[in-house]
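**Student:** Have a look at this one.
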Amino acid sequence: MSLGNAFRYAGIQSLLLRSWEISDQTPPELMKNFYTNLKEDMNKAKALQQATV
């Protein structure tokens with residue numbers, strides 16, 4: 001069972017995982033942009049897409 005499957009089994013409604021290597025600086029910036037986008041009433045998919053631009 002993967003970590004993602006374990007969270008889904010435990011009842012989590014949404015989860016953001018990565019399956020590729022990225023620099024240590026990317027995740028904090030990505031998440032900051034993601035949450036900023038969510039605050040602007042974007043849905044999760046659009047907020048993530050825009051955070052990576």
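By order in the structure tokens, chains are A, B, ...; within a chain, residues start at 1; ligands start at 1, following the order shown.
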Give me, as a ChimeraX atom specification, the residues of chain A that a backbone DSSP run labels helix (DSSP H, G or I).
**Tutor:** /A:3-9,26-39,44-51
**Student:** Determine, counting only C-alpha atoms, which protein, DNA and RNA residues have an atom within 10 Å of an atom of A:Leu16; residues of the same chain fewer than 3 positions away are not included. Present the result as a PDB file with C-alpha atoms, in the first residue's frame.
**Tutor:**
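Saved as part_36.pdb:
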ATOM      1  CA  GLY A   4      -1.333   8.020  -0.671  1.00  0.00           C
ATOM      2  CA  LYS A  44      -7.856  22.896  -6.138  1.00  0.00           C
ATOM      3  CA  LEU A  48      -2.210  23.857  -8.380  1.00  0.00           C
TER       4      LEU A  48
END
**Student:** Which of these, A:Leu17, A:Ala51, A:Ala6, A:Ile22, has the shortest distance to A:Thr36 once you count only C-alpha atoms?
**Tutor:**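 Closest to A:Thr36 of all the choices is A:Ala51.
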**Student:** How far is it from atom CA of A:Ala10 to atom CA of A:Glu40, in Å with one decimal?
**Tutor:** 29.1 Å
**Student:** What is the distance, in Å and to one decimal place, between atom CA of A:Ser23 and atom CA of A:Gln49?
**Tutor:**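 Those two atoms sit 18.3 Å apart.
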